[in-house]
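Data block below; observations after.
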Amino acid sequence: MTAGVEFRGLRRVFGRTVALDGLDLTVRPGELMALLGPSGCGKTTALRCVAGFEHPDEGAVIVDGEDVTRRPANRRDTGMVFQSYSLFPNLNVRDNVAFGLRVRKVPAAKRHARAAELLELVGLPTHGERYPHELSGGQQQRVALARALAPEPRVLLLDEPLSALDAKVRLTLREEIRRLQLDLGITTVFVTHDQEEALSVADRVAVMREGRLEQCAPPAEVYDRPATPFVAEFVGTMNHLPGRLSGREVTVLGLRLPVEGPLPATPEVDVLARPEAVLLSPDPEGEGLVVASSFRGSSARLRVRLGDLEMLSDVPGHDTARLAPGTRVGVGLVRRPVLVAGRADAP
Amino acid sequence: MAAVTPVLEAAPRSLAPAGRRRVRLWRGLALGLAAVYFLLPLATSFWFTAYNERQGFSLAPYPRIVSAEGFGASMLLSLGLAVATIVVTLGLTLPATLAVRLGAPRLRPVLEVVCTLPLVVPPITFVSGIGTVLRFGPDALAATPFWGTLMAIQDERFPVVLVLAYVVLALPFAHRSLDAGLRAIDVRTLVEAARGLGASWPYVLLRVIVPNLRSAITGAAFLTLALVFGEYTVAALLGYRTFPVWIVTVAGSEGQLSVAVSLLSLLIIWLLSLALSGAGVERRRSS
């Protein structure tokens, strides 16, 4: 069974710190929603409000149409995987996975069969008799995932489950999480501060800042059409190019481009442009100079100096030979609406 | 572009043969000194019980212990008091320490101070306070239903008042042991994981916390047991004949027997501790 989750005007204050400041967000049934944001933005608090480990000062948490805001954690029917390894050290892997079923008084034979099924699903069919201290970090998180899924919860909550793992395991496990989530069709809320992780696994990404929602959209939209300068800055790399506003257009690098999103009060602005939106062409008379190149396989990131200005540009990997450091280049921008922000060094 | 960061290789940590010999020598010396400090009094006590000028070497005092008047009753009383004290102490300190750790971490220093107070208050002051209450209590409570309670807790067959006093005296040791155990596990995450899986609070306490605190709980139980079997002042001044009080009474008339009993009680406590610890290990293996 899968259910939608709704955060309705959630507010949570710890002393003087406002962790959630009126969060409104809806997670559709069967969807994987990533809550993304810097440390302290309230994403974990929001997740804990769904799990029942935190209670909001104001607002409501709705799961499958039911208000569960005041319901204790053990009656919420959610499964959670934590950042730190949370397996019960006194139980072996099989009993860890079957824990939620034992609580629900499922007969031993049935719960052992279900544990075996889940261990098969997470790729650890032969590890049932081992104890948590005999497993690697990645294996422990797989078992934690199996344990969370065993009672067939309505919602799966993942609180930075990959952050304690090394890069290679992280990559594999996040793909497995996504595969499992799609196979089971379970509504999942995934908290992370890693933008790449969020963009690669989620159906939609909710970017949070200071307890509020900045943007909630599919990954491609968050990346390509960030709703606010904060989202643009937080997700991916951004160049800040000086521009001048006139109406809803901005002049930058000699081009006039339409502006989307909020307009700053001053006409002198920073135009926010992704490295892949900066176009380079070799030109002996060009004003730009390639000063460094970082090869990344299918692409390369070039550092280009244009007068006092430095910017980054991503070019296809096969272009690196003709755009080697020291090459003079002409610099342009992809013609499409851009975001602008108040000039950082403006008086 | 990948940069290669030079990594300094750690020098192999091995000692020269002369250094190893020196370490072994110091280690042996320290162990030898500790052994002398602990074993010499035990050996001389044993010699005192087993040798006298008239009979020479004889283990006669030991069989006499069992038939000595008051031995069985005082031993059983102390065992009963120890079990009750362990149950009440753990029943109080475990939930309190857990609740403070999970729900009100700021109160930890307060709990620590409260639990350390019995170490600061001298037993004689403590028992004189209890004595005063017990002396004047009946008059003050004569017209209330509490009079019966006050009488019941002083019943000679099982003086609950001693359990209450021992619980206070055992608090510092039990709290320290449990607090150290709770520090060693990520108790918040384990509790939340269990709660998220549908476990009620009692289930979490009995199936998650207690099994993972087995060694800390066993440690607290050891210390409480040792305290009850070693506490003399409170029991003697309140007029109860617990095992330590009986030993002192016997010492006045039969020196050899009382020392033999002391050695035997040490052995009993040691065996009980081993049994407790063994039970912990067995349970862990079978869980």
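Every chain in the structure tokens takes a letter, A first, then B, and so on in the order presented; its residues are numbered from 1, and the ligands are numbered from 1 following the presented order.
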Residues of chain B within 9 Å of chain A, counting only C-alpha atoms, as a PDB file with C-alpha atoms, in the first residue's frame:
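Once written, out39.pdb looks like this:
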ATOM      1  CA  MET B   1      42.616  16.631 -13.642  1.00  0.00           C
ATOM      2  CA  ALA B   2      43.487  14.446 -10.827  1.00  0.00           C
ATOM      3  CA  ASP B 186      23.787   5.276  19.768  1.00  0.00           C
ATOM      4  CA  THR B 189      18.953   6.093  16.862  1.00  0.00           C
ATOM      5  CA  LEU B 190      18.250   2.595  18.221  1.00  0.00           C
ATOM      6  CA  GLU B 192      13.922   5.749  17.065  1.00  0.00           C
ATOM      7  CA  ALA B 193      14.564   2.799  14.756  1.00  0.00           C
ATOM      8  CA  ALA B 194      12.558   0.521  17.056  1.00  0.00           C
ATOM      9  CA  ARG B 195       9.764   3.067  17.536  1.00  0.00           C
ATOM     10  CA  GLY B 196       9.570   3.623  13.778  1.00  0.00           C
ATOM     11  CA  LEU B 197       9.142  -0.137  13.346  1.00  0.00           C
ATOM     12  CA  GLY B 198       6.114  -0.065  15.608  1.00  0.00           C
ATOM     13  CA  ALA B 199       7.595  -0.934  19.026  1.00  0.00           C
ATOM     14  CA  SER B 200       5.942   0.461  22.169  1.00  0.00           C
ATOM     15  CA  TRP B 201       8.099   2.059  24.882  1.00  0.00           C
ATOM     16  CA  TYR B 203       9.046  -3.176  24.147  1.00  0.00           C
ATOM     17  CA  VAL B 208      16.314  -3.103  22.497  1.00  0.00           C
ATOM     18  CA  PRO B 211      19.894  -6.446  25.659  1.00  0.00           C
ATOM     19  CA  ASN B 212      22.344  -3.846  24.390  1.00  0.00           C
ATOM     20  CA  ARG B 284      23.790 -12.854  24.120  1.00  0.00           C
ATOM     21  CA  SER B 287      19.537 -14.202  21.311  1.00  0.00           C
TER      22      SER B 287
END
Write out as an mmCIF file with C-alpha atoms, in the first residue's frame which residues come within 8 Å of Ser177 of chain B when counting only C-alpha atoms, dropping same-chain ones fewer than 3 positions away.
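The new file around-v8.cif reads:
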data_model
loop_
_atom_site.group_PDB
_atom_site.id
_atom_site.type_symbol
_atom_site.label_atom_id
_atom_site.label_comp_id
_atom_site.auth_asym_id
_atom_site.auth_seq_id
_atom_site.Cartn_x
_atom_site.Cartn_y
_atom_site.Cartn_z
ATOM 1 C CA PHE B 173 27.586 2.966 41.158
ATOM 2 C CA ALA B 174 24.500 1.908 39.234
ATOM 3 C CA ALA B 180 28.764 4.519 30.587
ATOM 4 C CA GLY B 181 26.781 1.751 28.861
ATOM 5 C CA ALA B 216 26.416 -2.243 31.971
ATOM 6 C CA ILE B 217 23.408 -3.737 33.770
ATOM 7 C CA GLY B 219 28.143 -4.278 36.157
ATOM 8 C CA ALA B 220 25.551 -2.286 38.100
#
- request: From the DSSP assignment of the backbone, select every residue of segment 19-267 of chain A that is helix (DSSP H, G or I), and format the answer as number ranges by chain.
  value: A: 43-51, 73-75, 93-97, 99-103, 108-121, 132-134, 137-149, 167-184, 195-201, 219-224, 229-234
message: At a cut-off of 12 Å, using only C-alpha atoms, what residues contact segment 65-77 of chain B? Leave out same-chain residues fewer than 6 positions from it and give the result as a VMD selection string.
response: chain B and resid 49 59 83 to 85 155 to 160 162 to 163 228 to 230 235 240 to 250 253 to 254 256 to 265 268 to 269
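Using only C-alpha atoms, the contacts of Ala232 of chain A at a cut-off of 9 Å, with sequence neighbours closer than 4 positions omitted, comprise Val222, Tyr223, Asp224, Arg225, Pro226, Ala227, Thr228, Gly236, Thr237, Met238, Leu272, Ala273, Arg274 and Leu339 of chain A.
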query: Near Pro123 of chain B, counting only C-alpha atoms, which residues have an atom at most 9 Å away, once you skip same-chain residues fewer than 6 positions from it, shown as a VMD selection string?
result: chain B and resid 169 233 to 234
With C-alpha atoms retained, export the selected residues as a compact mmCIF listing (two decimals), in the first residue's frame.
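Saved result, out-v7.txt, follows:
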# COMPACT_ATOMS: atom_id res chain seq x y z
CA LEU B 169 23.81 3.90 48.58
CA THR B 233 26.98 0.54 59.35
CA VAL B 234 23.35 1.01 58.27
Report as a PDB file with C-alpha atoms, in the first residue's frame all protein, DNA and RNA residues lying within 6 Å of segment 200-203 of chain A, evaluated on only C-alpha atoms, omitting residues in the same chain fewer than 2 positions from it.
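The result, stored in part-v7.pdb:
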ATOM      1  CA  LEU A  32      10.421   9.647  -4.648  1.00  0.00           C
ATOM      2  CA  MET A  33      10.770  13.182  -3.320  1.00  0.00           C
ATOM      3  CA  ALA A  34      14.229  14.449  -2.402  1.00  0.00           C
ATOM      4  CA  ARG A 178      15.896   3.882  -6.710  1.00  0.00           C
ATOM      5  CA  GLU A 196      23.956  15.098  -7.376  1.00  0.00           C
ATOM      6  CA  GLU A 197      22.320  12.412  -5.262  1.00  0.00           C
ATOM      7  CA  ALA A 198      19.005  14.284  -5.218  1.00  0.00           C
ATOM      8  CA  PRO A 218      11.528  17.611 -11.385  1.00  0.00           C
TER       9      PRO A 218
END
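Note that the spacing between atom CA of Val169 of chain A and atom CA of Leu145 of chain A amounts to 14.6 Å.
Our summary of the geometry notes that atom CA of Ala109 of chain A is positioned 27.9 Å from atom CA of Leu182 of chain A.
Considering only C-alpha atoms, the residue among A:Arg209, A:Arg328, A:Arg94, A:Arg8 positioned nearest to Gly288 of chain A is A:Arg328.
Residue nearest Leu20 of chain A, chosen from A:Gly286, A:Gly138, A:Gly342, A:Gly42 and counting only C-alpha atoms: A:Gly42.
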- prompt: Could you name the residues that touch Thr45 of chain A at 10 Å or less, counting only C-alpha atoms, but leaving out those on the same chain fewer than 5 positions away, as number ranges by chain?
  reply: A: 10-12, 19-20, 40, 50-51, 53-56, 159, 191, 211
field: strand (DSSP E or B) call set, DSSP backbone run, segment 38-274 of chain A, as a count of residues only
entry: 58
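Comparing the minimum interatomic distances between Val231 of chain A and each of A:Thr192, A:Gly37, A:Pro337, A:His318, counting only C-alpha atoms, we find that A:Gly37 sits nearest.
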- request: Rank B:Arg27, B:Leu42, B:Ile86, B:Ala99 by their smallest atom-to-atom distance to Leu266 of chain B, using only C-alpha atoms, and report the top residue only.
  value: B:Leu42
- request: Mind giving me the straight-line distance from atom CA of Ile186 of chain A to atom CA of Arg111 of chain A in Å, one decimal?
  value: 20.3 Å
